[in-house]
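*Asks:* Contents of final.csv (CSV, N, CA and C atoms) are below:
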chain,number,residue,atom,x,y,z
H,221,MET,N,-13.3,-19.5,21.7
H,221,MET,CA,-12.7,-18.3,21.4
H,221,MET,C,-12.8,-17.4,22.6
H,222,ARG,N,-11.7,-16.7,22.9
H,222,ARG,CA,-11.7,-15.8,24.1
H,222,ARG,C,-12.3,-14.5,23.8
H,223,LYS,N,-13.0,-13.9,24.8
H,223,LYS,CA,-13.5,-12.6,24.6
H,223,LYS,C,-12.5,-11.5,25.1
H,224,ILE,N,-12.5,-10.4,24.5
H,224,ILE,CA,-11.6,-9.3,25.0
H,224,ILE,C,-12.4,-8.6,26.0
H,225,PRO,N,-11.8,-8.4,27.2
H,225,PRO,CA,-12.5,-7.7,28.3
H,225,PRO,C,-12.8,-6.2,27.9
H,226,PHE,N,-14.0,-5.8,28.4
H,226,PHE,CA,-14.5,-4.5,28.1
H,226,PHE,C,-13.5,-3.4,28.6
H,227,PHE,N,-12.9,-3.6,29.7
H,227,PHE,CA,-12.0,-2.6,30.3
H,227,PHE,C,-10.7,-2.5,29.4
H,228,THR,N,-10.3,-3.5,28.8
H,228,THR,CA,-9.2,-3.5,27.9
H,228,THR,C,-9.4,-2.6,26.7
H,229,ILE,N,-10.6,-2.7,26.2
H,229,ILE,CA,-11.0,-1.8,25.0
H,229,ILE,C,-11.0,-0.4,25.4
H,230,ILE,N,-11.6,-0.1,26.6
H,230,ILE,CA,-11.6,1.3,27.1
H,230,ILE,C,-10.2,1.8,27.3
H,231,ALA,N,-9.3,1.0,27.9
H,231,ALA,CA,-8.0,1.4,28.2
H,231,ALA,C,-7.2,1.8,26.9
H,232,ILE,N,-7.4,0.9,25.9
H,232,ILE,CA,-6.8,1.2,24.6
H,232,ILE,C,-7.3,2.5,24.0
H,233,VAL,N,-8.6,2.7,24.0
H,233,VAL,CA,-9.2,4.0,23.5
H,233,VAL,C,-8.6,5.2,24.2
H,234,PHE,N,-8.5,5.1,25.6
H,234,PHE,CA,-7.9,6.2,26.3
H,234,PHE,C,-6.5,6.4,26.0
H,235,LEU,N,-5.7,5.4,25.9
H,235,LEU,CA,-4.3,5.5,25.6
H,235,LEU,C,-4.1,6.1,24.2
H,236,ALA,N,-4.9,5.6,23.2
H,236,ALA,CA,-4.7,6.2,21.8
H,236,ALA,C,-5.2,7.7,21.8
H,237,GLY,N,-6.2,8.0,22.5
H,237,GLY,CA,-6.7,9.4,22.6
H,237,GLY,C,-5.7,10.3,23.3
H,238,GLY,N,-5.1,9.8,24.4
H,238,GLY,CA,-4.0,10.6,25.1
H,238,GLY,C,-2.8,10.8,24.2
H,239,TYR,N,-2.4,9.8,23.5
H,239,TYR,CA,-1.3,9.9,22.6
H,239,TYR,C,-1.6,11.0,21.5
H,240,TYR,N,-2.7,10.9,20.9
H,240,TYR,CA,-3.1,11.8,19.9
H,240,TYR,C,-3.2,13.2,20.4
H,241,PHE,N,-3.7,13.4,21.6
H,241,PHE,CA,-3.8,14.7,22.3
H,241,PHE,C,-2.4,15.3,22.5
H,242,LEU,N,-1.5,14.5,23.0
H,242,LEU,CA,-0.1,15.0,23.3
H,242,LEU,C,0.6,15.3,22.0
H,243,GLN,N,0.4,14.6,21.0
H,243,GLN,CA,1.1,14.9,19.7
H,243,GLN,C,0.6,16.2,19.1
H,244,ASN,N,-0.7,16.6,19.3
H,244,ASN,CA,-1.3,17.7,18.7
H,244,ASN,C,-1.5,18.9,19.6
H,245,THR,N,-1.0,18.9,20.8
H,245,THR,CA,-1.3,20.0,21.7
H,245,THR,C,-0.3,21.2,21.4
H,246,ALA,N,0.8,20.9,20.9
H,246,ALA,CA,1.8,22.0,20.6
H,246,ALA,C,1.2,22.9,19.5
H,247,SER,N,1.3,24.1,19.7
H,247,SER,CA,0.8,25.1,18.7
H,247,SER,C,1.7,25.3,17.5
H,248,PRO,N,1.2,25.3,16.3
H,248,PRO,CA,2.0,25.6,15.2
H,248,PRO,C,2.5,27.0,15.2
H,249,ILE,N,3.7,27.2,14.8
H,249,ILE,CA,4.3,28.5,14.7
H,249,ILE,C,4.8,28.7,13.2
H,250,ASP,N,4.4,29.8,12.6
H,250,ASP,CA,4.8,30.1,11.2
H,250,ASP,C,5.8,31.2,11.3
H,251,VAL,N,7.0,31.0,10.6
H,251,VAL,CA,8.0,32.0,10.6
H,251,VAL,C,8.4,32.2,9.1
H,252,SER,N,8.8,33.4,8.8
H,252,SER,CA,9.4,33.7,7.5
H,252,SER,C,10.7,34.5,7.7
H,253,PHE,N,11.6,34.2,6.9
H,253,PHE,CA,13.0,34.8,7.0
H,253,PHE,C,13.7,34.7,5.7
H,254,ASN,N,14.8,35.5,5.6
H,254,ASN,CA,15.7,35.4,4.4
H,254,ASN,C,16.8,34.4,4.8
H,255,PHE,N,17.1,33.5,3.9
H,255,PHE,CA,18.1,32.5,4.1
H,255,PHE,C,19.1,32.4,3.1
H,256,LEU,N,20.4,32.4,3.5
H,256,LEU,CA,21.5,32.3,2.6
H,256,LEU,C,22.1,30.9,2.7
H,257,VAL,N,22.0,30.2,1.5
H,257,VAL,CA,22.4,28.8,1.5
H,257,VAL,C,23.9,28.7,1.3
H,258,THR,N,24.5,28.0,2.3
H,258,THR,CA,26.0,27.9,2.2
H,258,THR,C,26.4,26.5,1.8
H,259,GLN,N,25.5,25.5,1.9
H,259,GLN,CA,25.8,24.1,1.6
H,259,GLN,C,24.5,23.3,1.3
H,260,LYS,N,24.6,22.5,0.2
H,260,LYS,CA,23.5,21.6,-0.1
H,260,LYS,C,24.0,20.2,0.3
H,261,ASN,N,23.2,19.5,1.1
H,261,ASN,CA,23.5,18.2,1.6
H,261,ASN,C,22.9,17.1,0.8
H,262,LYS,N,23.4,15.9,0.8
H,262,LYS,CA,22.9,14.9,-0.1
H,262,LYS,C,21.5,14.3,0.3
H,263,ASP,N,21.1,14.6,1.6
H,263,ASP,CA,19.8,14.1,2.1
H,263,ASP,C,18.7,15.1,1.9
H,264,ASN,N,18.7,15.9,0.8
H,264,ASN,CA,17.7,16.9,0.4
H,264,ASN,C,17.5,17.9,1.5
H,265,SER,N,18.6,18.3,2.2
H,265,SER,CA,18.6,19.4,3.1
H,265,SER,C,19.6,20.4,2.7
H,266,VAL,N,19.5,21.6,3.2
H,266,VAL,CA,20.4,22.7,2.9
H,266,VAL,C,20.8,23.3,4.3
H,267,SER,N,22.0,23.8,4.3
H,267,SER,CA,22.5,24.5,5.5
H,267,SER,C,22.8,25.9,5.1
H,268,GLY,N,22.7,26.8,6.1
H,268,GLY,CA,23.0,28.2,5.8
H,268,GLY,C,22.7,29.1,7.0
H,269,ASN,N,22.6,30.4,6.7
H,269,ASN,CA,22.4,31.4,7.8
H,269,ASN,C,21.1,32.1,7.5
H,270,ILE,N,20.5,32.5,8.6
H,270,ILE,CA,19.3,33.3,8.5
H,270,ILE,C,19.8,34.8,8.7
H,271,GLU,N,19.3,35.7,7.8
H,271,GLU,CA,19.6,37.1,7.9
H,271,GLU,C,19.1,37.6,9.3
H,272,GLY,N,20.0,38.3,10.0
H,272,GLY,CA,19.7,38.8,11.3
H,272,GLY,C,19.8,37.9,12.4
H,273,ALA,N,20.3,36.7,12.2
H,273,ALA,CA,20.5,35.7,13.2
H,273,ALA,C,21.9,35.4,13.6
H,274,GLY,N,22.8,36.3,13.3
H,274,GLY,CA,24.2,36.1,13.6
H,274,GLY,C,24.8,35.0,12.7
H,275,SER,N,25.8,34.3,13.3
H,275,SER,CA,26.5,33.3,12.5
H,275,SER,C,26.0,31.9,12.7
H,276,LYS,N,24.9,31.7,13.4
H,276,LYS,CA,24.3,30.4,13.7
H,276,LYS,C,23.9,29.7,12.4
H,277,GLN,N,24.5,28.5,12.2
H,277,GLN,CA,24.2,27.7,11.0
H,277,GLN,C,22.9,26.9,11.3
H,278,ILE,N,22.0,26.9,10.3
H,278,ILE,CA,20.7,26.2,10.4
H,278,ILE,C,20.6,25.2,9.3
H,279,THR,N,20.0,24.0,9.5
H,279,THR,CA,19.8,23.1,8.5
H,279,THR,C,18.3,22.9,8.3
H,280,LEU,N,17.9,23.0,7.0
H,280,LEU,CA,16.5,22.9,6.7
H,280,LEU,C,16.3,21.7,5.7
H,281,ASP,N,15.3,20.9,6.0
H,281,ASP,CA,14.9,19.7,5.1
H,281,ASP,C,14.0,20.3,4.0
H,282,LEU,N,14.3,19.9,2.8
H,282,LEU,CA,13.4,20.4,1.7
H,282,LEU,C,12.9,19.2,0.9
H,283,ASP,N,11.8,19.4,0.2
H,283,ASP,CA,11.4,18.3,-0.7
H,283,ASP,C,12.3,18.3,-2.0
H,284,GLU,N,12.3,17.3,-2.8
H,284,GLU,CA,13.2,17.2,-3.9
H,284,GLU,C,13.2,18.3,-4.9
H,285,SER,N,12.0,18.8,-5.2
H,285,SER,CA,11.9,19.8,-6.2
H,285,SER,C,12.4,21.1,-5.7
H,286,GLN,N,12.2,21.4,-4.4
H,286,GLN,CA,12.8,22.6,-3.8
H,286,GLN,C,14.3,22.5,-3.7
H,287,TRP,N,14.8,21.3,-3.4
H,287,TRP,CA,16.2,21.1,-3.2
H,287,TRP,C,16.9,21.3,-4.6
H,288,ASP,N,16.3,20.8,-5.7
H,288,ASP,CA,16.9,20.9,-7.0
H,288,ASP,C,17.0,22.3,-7.4
H,289,SER,N,16.0,23.2,-7.0
H,289,SER,CA,16.0,24.6,-7.5
H,289,SER,C,16.9,25.5,-6.7
H,290,VAL,N,17.4,25.1,-5.5
H,290,VAL,CA,18.2,25.9,-4.7
H,290,VAL,C,19.7,25.8,-5.1
H,291,LYS,N,20.3,27.0,-5.1
H,291,LYS,CA,21.8,27.1,-5.4
H,291,LYS,C,22.6,27.6,-4.3
H,292,VAL,N,23.7,27.1,-4.1
H,292,VAL,CA,24.6,27.5,-3.0
H,292,VAL,C,25.1,28.9,-3.3
H,293,GLY,N,25.0,29.8,-2.2
H,293,GLY,CA,25.5,31.2,-2.3
H,293,GLY,C,24.3,32.1,-2.7
H,294,SER,N,23.1,31.6,-2.8
H,294,SER,CA,22.0,32.5,-3.1
H,294,SER,C,21.1,32.7,-1.9
H,295,ARG,N,20.4,33.8,-1.9
H,295,ARG,CA,19.5,34.2,-0.8
H,295,ARG,C,18.1,33.8,-1.2
H,296,TYR,N,17.3,33.3,-0.3
H,296,TYR,CA,15.9,32.9,-0.6
H,296,TYR,C,15.0,33.4,0.6
H,297,ALA,N,13.8,33.8,0.2
H,297,ALA,CA,12.7,34.1,1.2
H,297,ALA,C,12.1,32.7,1.5
H,298,VAL,N,12.1,32.4,2.8
H,298,VAL,CA,11.6,31.1,3.3
H,298,VAL,C,10.4,31.3,4.2
H,299,GLU,N,9.4,30.5,4.0
H,299,GLU,CA,8.3,30.4,5.0
H,299,GLU,C,8.3,29.0,5.5
H,300,ALA,N,8.3,28.9,6.9
H,300,ALA,CA,8.4,27.6,7.5
H,300,ALA,C,7.4,27.5,8.6
H,301,ARG,N,7.1,26.2,9.0
H,301,ARG,CA,6.2,26.0,10.1
H,301,ARG,C,6.8,24.9,11.0
H,302,PHE,N,6.7,25.1,12.3
H,302,PHE,CA,7.1,24.0,13.2
H,302,PHE,C,6.1,24.0,14.4
H,303,TYR,N,6.1,22.9,15.1
H,303,TYR,CA,5.3,22.8,16.3
H,303,TYR,C,6.1,22.9,17.5
H,304,ASP,N,5.8,23.8,18.4
H,304,ASP,CA,6.6,24.2,19.5
H,304,ASP,C,6.5,23.1,20.6
H,305,LYS,N,7.2,22.0,20.4
H,305,LYS,CA,7.1,20.9,21.4
H,305,LYS,C,8.3,20.9,22.3
H,306,HIS,N,9.5,21.4,21.8
H,306,HIS,CA,10.7,21.3,22.6
H,306,HIS,C,11.2,22.7,22.7
H,307,GLU,N,12.0,23.0,23.8
H,307,GLU,CA,12.6,24.3,24.0
H,307,GLU,C,14.1,24.2,23.9
H,308,VAL,N,14.7,25.3,23.5
H,308,VAL,CA,16.1,25.4,23.5
H,308,VAL,C,16.7,25.7,24.9
H,309,SER,N,17.8,25.1,25.2
H,309,SER,CA,18.3,25.3,26.6
H,309,SER,C,18.8,26.7,26.8
H,310,ASN,N,18.7,27.2,28.0
H,310,ASN,CA,19.1,28.5,28.4
H,310,ASN,C,20.6,28.8,28.0
H,311,LYS,N,21.4,27.8,28.1
H,311,LYS,CA,22.8,27.9,27.7
H,311,LYS,C,23.0,28.3,26.2
H,312,GLU,N,22.2,27.6,25.4
H,312,GLU,CA,22.2,27.9,24.0
H,312,GLU,C,21.6,29.2,23.6
H,313,LYS,N,20.5,29.6,24.3
H,313,LYS,CA,19.9,30.8,24.1
H,313,LYS,C,20.8,32.0,24.3
H,314,LYS,N,21.7,31.9,25.3
H,314,LYS,CA,22.7,32.9,25.6
H,314,LYS,C,23.7,33.2,24.5
H,315,THR,N,23.9,32.1,23.7
H,315,THR,CA,24.9,32.2,22.6
H,315,THR,C,24.3,32.8,21.4
H,316,LEU,N,23.0,32.9,21.3
H,316,LEU,CA,22.4,33.4,20.1
H,316,LEU,C,22.5,34.9,20.0
H,317,GLU,N,22.9,35.4,18.8
H,317,GLU,CA,23.0,36.8,18.6
H,317,GLU,C,22.3,37.3,17.4
H,318,GLY,N,21.8,38.5,17.4
H,318,GLY,CA,21.1,39.0,16.3
H,318,GLY,C,19.6,39.3,16.6
H,319,PRO,N,19.0,40.2,15.9
H,319,PRO,CA,17.6,40.5,16.2
H,319,PRO,C,16.6,39.4,15.9
H,320,PHE,N,16.9,38.5,15.0
H,320,PHE,CA,16.0,37.4,14.7
H,320,PHE,C,15.6,36.6,15.9
H,321,TRP,N,16.6,36.4,16.8
H,321,TRP,CA,16.4,35.6,18.0
H,321,TRP,C,15.7,36.4,19.1
H,322,SER,N,15.5,37.7,19.0
H,322,SER,CA,14.8,38.5,20.0
H,322,SER,C,13.4,38.1,20.2
H,323,ASN,N,12.8,37.5,19.1
H,323,ASN,CA,11.4,36.9,19.2
H,323,ASN,C,11.6,35.5,19.8
H,324,GLU,N,11.1,35.3,21.0
H,324,GLU,CA,11.3,34.0,21.7
H,324,GLU,C,10.8,32.8,20.9
H,325,ALA,N,9.8,33.0,20.1
H,325,ALA,CA,9.2,31.9,19.3
H,325,ALA,C,10.2,31.4,18.3
H,326,ASN,N,11.0,32.3,17.7
H,326,ASN,CA,11.9,31.9,16.7
H,326,ASN,C,13.0,30.9,17.1
H,327,THR,N,13.3,30.8,18.4
H,327,THR,CA,14.3,29.9,18.9
H,327,THR,C,13.8,28.4,18.7
H,328,GLY,N,12.5,28.2,18.6
H,328,GLY,CA,12.0,26.9,18.3
H,328,GLY,C,12.5,26.2,17.1
H,329,ILE,N,13.0,27.0,16.1
H,329,ILE,CA,13.6,26.5,14.9
H,329,ILE,C,14.8,25.5,15.2
H,330,LEU,N,15.5,25.8,16.3
H,330,LEU,CA,16.7,25.1,16.7
H,330,LEU,C,16.3,23.7,17.3
H,331,ALA,N,15.2,23.6,18.0
H,331,ALA,CA,14.9,22.5,18.8
H,331,ALA,C,13.8,21.6,18.2
H,332,ASN,N,13.1,22.0,17.2
H,332,ASN,CA,11.9,21.3,16.7
H,332,ASN,C,12.1,20.9,15.2
H,333,ASP,N,11.3,20.0,14.7
H,333,ASP,CA,11.3,19.6,13.3
H,333,ASP,C,10.6,20.8,12.5
H,334,VAL,N,11.3,21.3,11.5
H,334,VAL,CA,10.8,22.4,10.8
H,334,VAL,C,10.4,21.9,9.4
H,335,GLU,N,9.2,22.3,9.0
H,335,GLU,CA,8.6,22.0,7.7
H,335,GLU,C,8.7,23.3,6.8
H,336,VAL,N,9.4,23.3,5.7
H,336,VAL,CA,9.5,24.4,4.9
H,336,VAL,C,8.3,24.4,4.0
H,337,THR,N,7.4,25.4,4.1
H,337,THR,CA,6.2,25.5,3.4
H,337,THR,C,6.4,26.2,2.0
H,338,MET,N,7.4,27.1,2.0
H,338,MET,CA,7.6,27.8,0.8
H,338,MET,C,9.1,28.3,0.8
H,339,ILE,N,9.8,28.2,-0.3
H,339,ILE,CA,11.1,28.8,-0.5
H,339,ILE,C,11.0,29.5,-1.9
H,340,ASP,N,11.2,30.8,-1.8
H,340,ASP,CA,11.0,31.6,-3.1
H,340,ASP,C,12.3,31.5,-3.9
H,341,THR,N,12.3,30.7,-4.9
H,341,THR,CA,13.5,30.5,-5.8
H,341,THR,C,13.4,31.4,-7.0
H,342,SER,N,12.4,32.3,-7.1
H,342,SER,CA,12.3,33.1,-8.3
H,342,SER,C,13.3,34.2,-8.3
H,343,SER,N,13.9,34.5,-7.1
H,343,SER,CA,14.8,35.7,-7.1
H,343,SER,C,16.3,35.3,-7.1
H,344,ASN,N,16.7,34.0,-7.6
H,344,ASN,CA,18.1,33.7,-7.5
H,344,ASN,C,18.7,34.3,-8.7
Step by step, read the file and then write its structure as structure tokens.

*Replies:*
Amino acid sequence: MRKIPFFTIIAIVFLAGGYYFLQNTASPIDVSFNFLVTQKNKDNSVSGNIEGAGSKQITLDLDESQWDSVKVGSRYAVEARFYDKHEVSNKEKKTLEGPFWSNEANTGILANDVEVTMIDTSSN
């Protein structure tokens, strides 16, 4: 039976540790906003507009129970979290209008995976 070289084990540990570090170095950003649902998609996501963010369409992935309770044409208070790993291009930033985008951190919604932590469906 062959022995695994000691340096191979160390290299694997360093690679796994580096990967874990890179995946978790981005800081989480929590945002809350009012969201007008304009379309329900079949993949448990909804599309719509954020109040104060101009006419920019945003798509949010929801879990099944949230998706079932959302109605097209209704406004919802949304709390979401994303990890700021990617940035929006300067070209796209220039096209954004409205006070919501004046906070630089909010532009991360467009470039990162967003996890909806709460959508208030009690006010439909």

*Asks:* Which neighbours of region 302-307 of chain H fall inside 9 Å, counting only C-alpha atoms, when residues of the same chain fewer than 3 positions from it are skipped, and could you give them as a list in words?

*Replies:*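 The neighbour list is Gln243, Asn244, Thr245, Ala246, Ser247, Pro248, Ile249, Asp250, Val251, Asn310, Ala325, Thr327, Gly328, Ile329, Leu330, Ala331, Asn332, Asp333, Val334, Glu335 and Val336 of chain H.
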
*Asks:* Given only C-alpha atoms as the basis, pick out the residue of H:Val308, H:Ile270, H:Thr337, H:Lys223 nearest to Thr258 (chain H).

*Replies:*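 Of H:Val308, H:Ile270, H:Thr337, H:Lys223, the one nearest Thr258 (chain H), counting only C-alpha atoms, is H:Ile270.
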
*Asks:* Please, what distance in Å, to one decimal, runs between atom C of Leu242 (chain H) and atom N of Ala300 (chain H)?

*Replies:* 21.7 Å

*Asks:* One decimal, in Å: what's the spacing between CA of Asn326 (chain H) and CA of Thr279 (chain H)?

*Replies:*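 Between CA of Asn326 (chain H) and CA of Thr279 (chain H) the gap works out to 14.4 Å.
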
*Asks:* May I ask for the distance between CA of Thr341 (chain H) and CA of Val290 (chain H), given in Å to one decimal place?

*Replies:* 6.7 Å

*Asks:* Point out the residue among H:Trp287, H:Phe253, H:Phe320, H:Tyr296 with the least atom-to-atom distance to Ala273 (chain H), counting only C-alpha atoms.

*Replies:*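 Residue with the minimum atom-to-atom distance to Ala273 (chain H): H:Phe320.
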
*Asks:* Return as lines of an AutoDock Vina configuration file the centre and edge lengths, in Å with one decimal, of the box along x, y and z that encloses every atom of region 326-329 of chain H in the file, padded by 4 Å per side.

*Replies:*
center_x = 12.9
center_y = 28.9
center_z = 16.9
size_x = 11.8
size_y = 14.8
size_z = 12.0

*Asks:* I want to know what sits within 10 Å of Gly274 (chain H), based on only C-alpha atoms, with residues of the same chain fewer than 3 positions away left out; could you give that as a short mmCIF file (atom, residue, chain, number, x, y, z; two decimals) with N, CA and C atoms, keeping the file's coordinate frame?

*Replies:*
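Listed below is the output, part04.cif:
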data_model
loop_
_atom_site.label_atom_id
_atom_site.label_comp_id
_atom_site.auth_asym_id
_atom_site.auth_seq_id
_atom_site.Cartn_x
_atom_site.Cartn_y
_atom_site.Cartn_z
N ASN H 269 22.60 30.40 6.70
CA ASN H 269 22.40 31.40 7.80
C ASN H 269 21.10 32.10 7.50
N ILE H 270 20.50 32.50 8.60
CA ILE H 270 19.30 33.30 8.50
C ILE H 270 19.80 34.80 8.70
N GLU H 271 19.30 35.70 7.80
CA GLU H 271 19.60 37.10 7.90
C GLU H 271 19.10 37.60 9.30
N GLN H 277 24.50 28.50 12.20
CA GLN H 277 24.20 27.70 11.00
C GLN H 277 22.90 26.90 11.30
N THR H 315 23.90 32.10 23.70
CA THR H 315 24.90 32.20 22.60
C THR H 315 24.30 32.80 21.40
N LEU H 316 23.00 32.90 21.30
CA LEU H 316 22.40 33.40 20.10
C LEU H 316 22.50 34.90 20.00
N GLU H 317 22.90 35.40 18.80
CA GLU H 317 23.00 36.80 18.60
C GLU H 317 22.30 37.30 17.40
N GLY H 318 21.80 38.50 17.40
CA GLY H 318 21.10 39.00 16.30
C GLY H 318 19.60 39.30 16.60
N PRO H 319 19.00 40.20 15.90
CA PRO H 319 17.60 40.50 16.20
C PRO H 319 16.60 39.40 15.90
N PHE H 320 16.90 38.50 15.00
CA PHE H 320 16.00 37.40 14.70
C PHE H 320 15.60 36.60 15.90
N TRP H 321 16.60 36.40 16.80
CA TRP H 321 16.40 35.60 18.00
C TRP H 321 15.70 36.40 19.10
#

*Asks:* Tell me which protein, DNA and RNA residues are within 6 Å of Arg295 (chain H), counting all atoms listed in the file, leaving out same-chain ones fewer than 6 positions away, and put them as a count of residues only.

*Replies:* 3

*Asks:* Compile the contact shell of Leu282 (chain H) as a PyMOL selection string: residues with an atom at most 6 Å away, counting only N, CA and C atoms, same-chain residues fewer than 2 positions apart removed.

*Replies:* chain H and resi 264-266+280+284+286-287

*Asks:* Output as number ranges by chain all residues of chain H that backbone DSSP marks as helix (DSSP H, G or I).

*Replies:* H: 226-244, 284-289, 310-315, 319-322, 324-331

*Asks:* Where in chain H does DSSP assign strand (DSSP E or B), given as a PyMOL selection string?

*Replies:* chain H and resi 248-261+265-270+277-281+295-303+334-340

*Asks:* So, counting only C-alpha atoms, which residue among H:Lys276, H:Ala236, H:Phe241, H:Val298 is closest to Glu312 (chain H)?

*Replies:*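 Nearest candidate to Glu312 (chain H) out of H:Lys276, H:Ala236, H:Phe241, H:Val298: H:Lys276.
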
*Asks:* Which residue is closest to Glu299 (chain H)? Choose from H:Gln259, H:Ser252, H:Ile224, H:Gly238 and count only C-alpha atoms.

*Replies:*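 Closest candidate: H:Ser252.
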
*Asks:* Please write a file for region 246-293 of chain H, taken from the block I just shared, that holds C-alpha atoms and is laid out as a PDB file, in the first residue's frame.

*Replies:*
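The resulting out.pdb:
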ATOM      1  CA  ALA H 246     -17.030  39.176   1.991  1.00  0.00           C
ATOM      2  CA  SER H 247     -18.967  41.033   4.613  1.00  0.00           C
ATOM      3  CA  PRO H 248     -22.707  40.457   4.887  1.00  0.00           C
ATOM      4  CA  ILE H 249     -24.896  43.447   4.107  1.00  0.00           C
ATOM      5  CA  ASP H 250     -28.464  43.658   5.381  1.00  0.00           C
ATOM      6  CA  VAL H 251     -30.898  45.873   3.496  1.00  0.00           C
ATOM      7  CA  SER H 252     -34.578  46.612   3.932  1.00  0.00           C
ATOM      8  CA  PHE H 253     -36.845  48.182   1.356  1.00  0.00           C
ATOM      9  CA  ASN H 254     -40.400  48.352   0.058  1.00  0.00           C
ATOM     10  CA  PHE H 255     -40.927  46.150  -2.978  1.00  0.00           C
ATOM     11  CA  LEU H 256     -43.717  46.266  -5.569  1.00  0.00           C
ATOM     12  CA  VAL H 257     -44.205  42.841  -7.153  1.00  0.00           C
ATOM     13  CA  THR H 258     -44.889  43.097 -10.884  1.00  0.00           C
ATOM     14  CA  GLN H 259     -44.407  39.432 -11.860  1.00  0.00           C
ATOM     15  CA  LYS H 260     -44.275  35.992 -10.235  1.00  0.00           C
ATOM     16  CA  ASN H 261     -41.906  33.623 -12.015  1.00  0.00           C
ATOM     17  CA  LYS H 262     -42.289  29.839 -12.075  1.00  0.00           C
ATOM     18  CA  ASP H 263     -38.895  29.283 -10.387  1.00  0.00           C
ATOM     19  CA  ASN H 264     -40.085  30.676  -7.001  1.00  0.00           C
ATOM     20  CA  SER H 265     -38.784  34.148  -7.771  1.00  0.00           C
ATOM     21  CA  VAL H 266     -40.545  37.476  -8.106  1.00  0.00           C
ATOM     22  CA  SER H 267     -39.684  40.504 -10.204  1.00  0.00           C
ATOM     23  CA  GLY H 268     -40.544  44.056  -9.354  1.00  0.00           C
ATOM     24  CA  ASN H 269     -39.420  47.513  -8.384  1.00  0.00           C
ATOM     25  CA  ILE H 270     -37.894  48.862  -5.198  1.00  0.00           C
ATOM     26  CA  GLU H 271     -39.470  52.075  -3.942  1.00  0.00           C
ATOM     27  CA  GLY H 272     -37.038  54.924  -4.498  1.00  0.00           C
ATOM     28  CA  ALA H 273     -34.895  52.981  -6.958  1.00  0.00           C
ATOM     29  CA  GLY H 274     -36.304  54.341 -10.202  1.00  0.00           C
ATOM     30  CA  SER H 275     -37.558  51.952 -12.844  1.00  0.00           C
ATOM     31  CA  LYS H 276     -34.865  49.293 -12.344  1.00  0.00           C
ATOM     32  CA  GLN H 277     -36.415  45.787 -12.310  1.00  0.00           C
ATOM     33  CA  ILE H 278     -35.084  43.476  -9.577  1.00  0.00           C
ATOM     34  CA  THR H 279     -35.589  39.709  -9.304  1.00  0.00           C
ATOM     35  CA  LEU H 280     -35.646  38.113  -5.850  1.00  0.00           C
ATOM     36  CA  ASP H 281     -35.560  34.374  -5.123  1.00  0.00           C
ATOM     37  CA  LEU H 282     -38.052  33.312  -2.450  1.00  0.00           C
ATOM     38  CA  ASP H 283     -38.718  30.082  -0.642  1.00  0.00           C
ATOM     39  CA  GLU H 284     -41.933  28.301  -1.559  1.00  0.00           C
ATOM     40  CA  SER H 285     -44.042  29.526   1.362  1.00  0.00           C
ATOM     41  CA  GLN H 286     -43.048  33.146   0.737  1.00  0.00           C
ATOM     42  CA  TRP H 287     -43.687  32.774  -2.986  1.00  0.00           C
ATOM     43  CA  ASP H 288     -47.164  31.313  -2.363  1.00  0.00           C
ATOM     44  CA  SER H 289     -48.181  34.248  -0.158  1.00  0.00           C
ATOM     45  CA  VAL H 290     -46.992  36.995  -2.534  1.00  0.00           C
ATOM     46  CA  LYS H 291     -49.496  38.577  -4.932  1.00  0.00           C
ATOM     47  CA  VAL H 292     -48.729  40.516  -8.100  1.00  0.00           C
ATOM     48  CA  GLY H 293     -49.437  44.241  -7.743  1.00  0.00           C
TER      49      GLY H 293
END
